[in-house]
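The structure appears below as structure tokens.
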Amino acid sequence: MGDFITEADGLETQEFILNLGPQHPSTHGVYRARLIMDGEIVVSAENKIGYLHRGIEKIAEGITYAQFTPYTTRFDYVSGAMQPWAWCLALEKLGNTVVPERAEYLRVIVGELQRIASHLVMLGSMVLDFSAITPWTYVFNAREEILDLLEAVSGSRLLVNYFVNGGVNADIPEGWAAKTEAALDGMLKRLDDFERMVSGNEIFLGRTKGIAPVSAAEAIEYGITGASLRASGVDFDMRRDSPYSVYDRFSFAVPVIKGGDSFDRYQLRVLEIRESVKIVRQALKTLPDGEVRAKVAKVWRPAPGEAYAATEAARGIMGYQVVSDGSTKPYRVHMRSPSFCNIGIIPAKAPGLTLQDFISFIASLDFVLGDIDR
Amino acid sequence: MVGFLTTIFNWVQGFLGLPATSLADALPWWDILWAFVYFVGAIILLIINVIMLIWIERRAAGFFQERVGPNRVGPFGLLQTINDTIKLLGKEWIMPAAADKLVYLIAPLLIVTVSVTMYGLLPYGPGITPVTLNVGILFFLAISSVNTLSVLMAGWGSNNKYSLLGGMRTVAQIISYEIPMALSIIGIVMITGSLDLGTIASAQSHVWNVFVQPVAFVIFVISALAELTKSPFDMTEAEQEFVAGYHTEYSGIRFTLFFMGEYANLFSMSALGVVLFFGGANGPFLPPWVWFIGKTYVFILFMLWIRWTFLRIRVDKMMKFNWKILIPISLANLLLTGVGIKIWQAATGAIRW
Amino acid sequence: MYGLGLLKGLGVSMKRFWMPKITEKYPEVQPKLPERSKGSFQYNKDSCTSCELCSMACPNGVIKVEWHKDESGKKRLDRYRMNLGHCLFCGLCVEACPTTPKSIDFKRDFALGCWRKEDIYRVWTKEWPAAESAPDPAAPASPSAPAQGGN
């Protein structure tokens with residue numbers, strides 16, 4: 001920041017308060033950051049959230065377990081298909097249900113497809129905040145191919161209701177595997193174009209390199225999970241280290257970048273997309289036959305107790321804590337949301353950034369307000 | 001065009017059996033009439049240009065982004081701009097209650113005035129230049145600086161924290177980037193030996209200046225983009241950060257005037273670039289003004305291509321780029337040009353002026 | 001060389017300039033939606049037994065079934081009403097319907113905008129008002145039967 005002109009002696013300046021949001025084209029949802037600024041530089045920042053609080057955890061106490069499953073999609077609406085996975089894992093723990101193998105494979109396929117789509121949204125939104133509108137359209141066109149696949153298998157594009165307690169809703173239709181391969185090829189072509197346009201662009205590097213570097217120790221201390229954690233040099237991925245479902249049967253690399261600035265967080269998501277493509281292709285090749293849904297009673301009363309299950313969602317570790325008192329409705333549901341913990345780093349790293357850098361920083365953290373406010 | 005009217009006048013003279021005189025002597029208001037014709041022509045050219053440029057920009061933006069642009073209103077969406085203008089004209093004129101009235105109202109008018117003035121200087125062809133000044137380039141640069149005044153007036157008169165910040169940023173950016181632009185133009189002037197735009201254009205009949213002064217061309221393109229506040233230098237109108245910058249509080253026809261001023265400046269800056277570097281209105285077969293307009297539009301498409309591909313630069317990096325990189329390079333270019341001219345003079349033994 | 005990334009970016013956008021465009025001229029060209037696409041609903045009053053399983057399965061209380069018992073003790077449908085304003089389009093009602101063919105099912109009609117608040121409600125009665133609630137002729141014949149294996 002040494003290029004800024006410092007005040008001459010005797011020139012009085014005053015810090016002012018700037019509200020970034022809740023209506024702002026660059027915050028990813030109704031997020032408000034209360035910034036105290038000295039000219040162009042942020043002196044301190046506070047997260048003010050709660051504008052999207054819908055009380056979903058309380059709603060869960062009034063409806064049955066199966067009826068709550070569509071609600072879980074609405075938490076992190078950008079990666080809607082992967083949301084109910086942790087919920088279903090928790091329910092299966094409570095009821096000791098065994099999920100058939102074909103269902104597990106289908107869960108992995110749809111989950112990884114949704115992860116690709118969610119990362120594509122982050123890439124597009126990040127460059128859109130820098131006013132590069134053309135790469136954003138390429139990325140969203142790439143995402144369209146995947147959303148068509150999700151629509152073919154479940155009927156909805158964004159808020160996908162596919163995972164249920166005991167397996168998945170329905171089997172994949174005819175010809176879906178071939179369509180997936182073609183869609184992944186098309187998506188990768190557009191992603192290559194996007195990378196050629198953005199990753200080496202000197203202006204983009206100038207906007208993201210060196211912005212808000214988060215060290216590994218800081219990342220662990222603040223509870224950051226997901227791609228932001230791996231971009232700070234910590235090698236932890238739940239899919240490999242504490243595998244759930246059938247992830248231990250696939251070989252994929254977990255990209256880790258030491259550094260932790262905005263560019264690394266961006267770069268890591270591009271690498272993760274390519275790894276997810278590998279997983280989907282392996283799963284499609286080795287897809288076994290069988291049932292897609294375990295038999296669960298229509299009116300399901302699990303034994304009293306509690307269960308916690310966590311998955312590696314697109315934004316980090318997402319966990320559900322379900323407490324049951326033996327009736328058809330849950331007693332308490334709590335969701336450990338990744339974005340809520342990730343934004344804890346913002347007040348720590350914001351001082352010293354300019355306003356434009358602050359926007360670059362929060363875009364690279366990739367949070368979604370539905371996740372934070374629940 | 002003058003010849004055409006003169007021919008008609010002579011014919012009428014002969015028909016009526018009047019004594020032969022020249023038009024300029026016979027009609028004492030001849031000069032005023034021609035000034036009026038050029039004025040109306042400049043305004044019509046401005047309006048047509050703005051309509052075409054807005055359509056071209058939206059179609060080009062769509063094509064770069066894998067979609068078609070406007071395609072419903074009229075064939076290929078050509079009437080879209082007219083549609084939008086009618087809509088804008090029908091909007092309510094909201095003026096902030098605490099705005100500085102005189103300053104607020106004059107700002108959009110000033111921008112259009114400046115644009116029309118700049119259109120009068122451009123050499124569209126050998127006989128069609130509205131105003132031939134022997135300090136053409138200097139006047140052009142001076143007039144385009146009045147744009148900053150209008151931007152500052154808009155930012156101040158709106159009585160809005162963000163508009164003021166946006167206006168100040170714009171002014172800082174424009175006046176900083178005028179320096180490398182002027183320095184790159186001086187190289188051309190040194191080679192040509194004249195400040196007049198028509199002379200510069202016709203002096204490129206052997207080889208275009210873009211091959212003689214490539215560095216100056218690159219500097220000119222970057223400075224022109226910054227003067228026009230187009231991407232990658234458009235943080236002043238960054239919706240993602242400052243809503244709309246200095247013209248946030250304008251609506252209806254006042255906003256239309258700002259919009260028109262931006263596109264009119266795009267045309268005149270591109271036309272300047274064509275005159276300086278690409279030979280102006282020279283070219284075989286077609287009439288000179290067709291070449292002029294055609295080359296200008298190719299240059300405009302080039303600038304639109306840059307605009308829709310790149311992202312925005314950070315403010316302090318932009319200033320650093322200007323003062324620490326562009327100006328030293330353009331000064332070095334100037335030095336090399338001077339040395340080159342002296343060597344050429346010594347080698348050929350000719351005196352240029 | 002500094003600036004190589006910028007030039008590569010320019011090359012990419014110029015390449016995409018000449019490639020075919022993906023715009024579909026809606027509404028002259030309707031999009032080709034997959035079979036399972038969830039749009040509006042179709043209701044088959046002939047197969048519905050007024051069991052109200054769909055109404056109980058719905059998380060939001062969207063469906064309201066009104067019936068009466070006739071002389072022989074069978075349930076007779078009076079009115080079937082859905083409040084689409086609260087609907088999540090989750091499909092739990094479709095899953096719960098026990099009849100074959102399903103009485104409540106999706107059709108692919110996604111243009112659900114309406115001018116008046118009353119039109120958000122989809123109502124089917126015995127008299128079967130002609131325009132609004134007739135089944136969609138373009139819908140697949142045996143929709144979303146639960147699939148068992150096989151790809």
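Ordering of the structure tokens sets the chain letters (A, B, ...), residue numbers begin anew at 1 in every chain, and ligands are numbered from 1 in the order given.
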When you get a sec, could you note down which chain A residues fall within 10 Å of chain B, using only C-alpha atoms, as a short mmCIF file (atom, residue, chain, number, x, y, z; two decimals) with C-alpha atoms, in the first residue's frame?
```
data_model
loop_
_atom_site.label_atom_id
_atom_site.label_comp_id
_atom_site.auth_asym_id
_atom_site.auth_seq_id
_atom_site.Cartn_x
_atom_site.Cartn_y
_atom_site.Cartn_z
CA MET A 1 0.00 0.00 0.00
CA ASP A 3 1.84 3.84 -3.37
CA PHE A 4 -0.84 5.86 -1.69
CA LEU A 20 -21.37 -2.74 1.89
CA HIS A 24 -25.06 -4.64 -3.48
CA PRO A 25 -24.25 -6.18 -6.80
CA SER A 26 -21.07 -7.81 -5.53
CA THR A 27 -21.93 -9.41 -2.25
CA GLU A 40 -9.96 4.08 0.13
CA VAL A 127 -14.67 -12.44 -12.45
CA LEU A 128 -18.07 -10.77 -12.74
CA ASP A 129 -17.21 -8.73 -9.68
CA PHE A 130 -14.21 -7.50 -11.64
CA SER A 131 -16.48 -6.55 -14.52
CA ALA A 132 -15.32 -9.25 -16.91
CA ILE A 133 -18.71 -10.13 -18.27
CA THR A 134 -17.60 -12.33 -21.15
CA PRO A 135 -15.83 -15.04 -19.11
CA TRP A 136 -18.82 -15.13 -16.81
CA THR A 137 -21.10 -16.05 -19.70
CA TYR A 138 -18.75 -18.83 -20.76
CA ASN A 141 -22.98 -21.76 -20.33
CA MET A 197 -8.90 -15.88 -20.77
CA VAL A 198 -8.56 -15.33 -17.06
CA ASN A 201 -4.51 -12.35 -17.54
CA GLU A 202 -2.12 -9.82 -16.05
CA ILE A 203 -4.95 -7.59 -14.91
CA PHE A 204 -6.61 -10.48 -13.08
CA GLY A 206 -2.87 -7.91 -10.35
CA ARG A 207 -6.31 -7.93 -8.77
CA THR A 354 -8.84 -1.25 -0.43
CA LEU A 355 -12.50 -1.53 -1.21
CA GLN A 356 -11.83 -3.28 -4.49
CA ASP A 357 -9.53 -5.75 -2.79
CA ILE A 359 -14.60 -7.38 -2.87
#
```
Contact set, chain C to chain B: 8 Å, only C-alpha atoms, as number ranges by chain
C: 6, 9-10, 13-14, 16-23
The selected residues should be written to file as a PDB file, in the first residue's frame (atoms: C-alpha atoms).
```pdb
ATOM      1  CA  LEU C   6      -3.905 -10.389 -22.348  1.00  0.00           C
ATOM      2  CA  GLY C   9      -7.613 -13.590 -23.774  1.00  0.00           C
ATOM      3  CA  LEU C  10      -8.237 -11.484 -26.850  1.00  0.00           C
ATOM      4  CA  SER C  13     -12.999 -13.898 -27.262  1.00  0.00           C
ATOM      5  CA  MET C  14     -12.395 -13.425 -30.973  1.00  0.00           C
ATOM      6  CA  ARG C  16     -16.002 -17.248 -29.591  1.00  0.00           C
ATOM      7  CA  PHE C  17     -17.224 -14.320 -31.678  1.00  0.00           C
ATOM      8  CA  TRP C  18     -17.448 -16.532 -34.724  1.00  0.00           C
ATOM      9  CA  MET C  19     -18.818 -19.672 -33.072  1.00  0.00           C
ATOM     10  CA  PRO C  20     -22.554 -20.441 -33.220  1.00  0.00           C
ATOM     11  CA  LYS C  21     -24.737 -18.722 -30.691  1.00  0.00           C
ATOM     12  CA  ILE C  22     -26.845 -20.510 -28.157  1.00  0.00           C
ATOM     13  CA  THR C  23     -29.787 -18.148 -27.987  1.00  0.00           C
TER      14      THR C  23
END
```
Give me, as JSON lines, each residue of region 94-132 of chain C that comes within 6 Å of region 37-53 of chain C, together with its shortest interatomic pair and the distance in Å at one decimal, counting only C-alpha atoms, with rows ordered by chain and rising residue number.
```
{"residue": "C:Ser103", "atom": "CA", "partner": "C:Asn44", "partner_atom": "CA", "distance": 4.6}
{"residue": "C:Ile104", "atom": "CA", "partner": "C:Tyr43", "partner_atom": "CA", "distance": 4.7}
{"residue": "C:Asp105", "atom": "CA", "partner": "C:Gln42", "partner_atom": "CA", "distance": 5.4}
{"residue": "C:Phe106", "atom": "CA", "partner": "C:Phe41", "partner_atom": "CA", "distance": 4.5}
{"residue": "C:Lys107", "atom": "CA", "partner": "C:Ser40", "partner_atom": "CA", "distance": 5.4}
{"residue": "C:Arg108", "atom": "CA", "partner": "C:Gly39", "partner_atom": "CA", "distance": 4.6}
{"residue": "C:Asp109", "atom": "CA", "partner": "C:Gly39", "partner_atom": "CA", "distance": 4.9}
{"residue": "C:Phe110", "atom": "CA", "partner": "C:Gly39", "partner_atom": "CA", "distance": 4.5}
```
Given only C-alpha atoms as the basis, pick out the residue of C:Val29, C:Cys90, C:Met82, C:Ala111 nearest to chain A.
C:Cys90
Provide the CA of Phe321 (chain B) to CA of Leu335 (chain B) distance in Å, to one decimal place.
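Computed distance, CA of Phe321 (chain B) to CA of Leu335 (chain B), equals 20.2 Å.
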I'd like the neighbourhood of Leu191 (chain A) as an NGL selection string, where a residue qualifies if any of its atoms comes within 9 Å (using only C-alpha atoms), though same-chain residues fewer than 4 positions away should be ignored.
:A and (120 or 138-139 or 142 or 186-187 or 195-196 or 270)
May I have the residues within 10 Å of Arg301 (chain A) as a PyMOL selection string, using only C-alpha atoms and disregarding those fewer than 5 positions away in the same chain?
chain A and resi 64-65+94-95+324-330
Skipping near chain neighbours, those fewer than 3 positions away, what residues fall within 9 Å of region 56-60 of chain A using only C-alpha atoms, listed as a list in words?
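Listed by chain and then number, they are His53, Ile63, Thr64, Tyr65, Gln67, Phe68, Tyr71, Thr72, Arg74, Phe75, Lys329, Pro330, Tyr331, Arg332, Val333, His334, Met335 and Arg374 of chain A.
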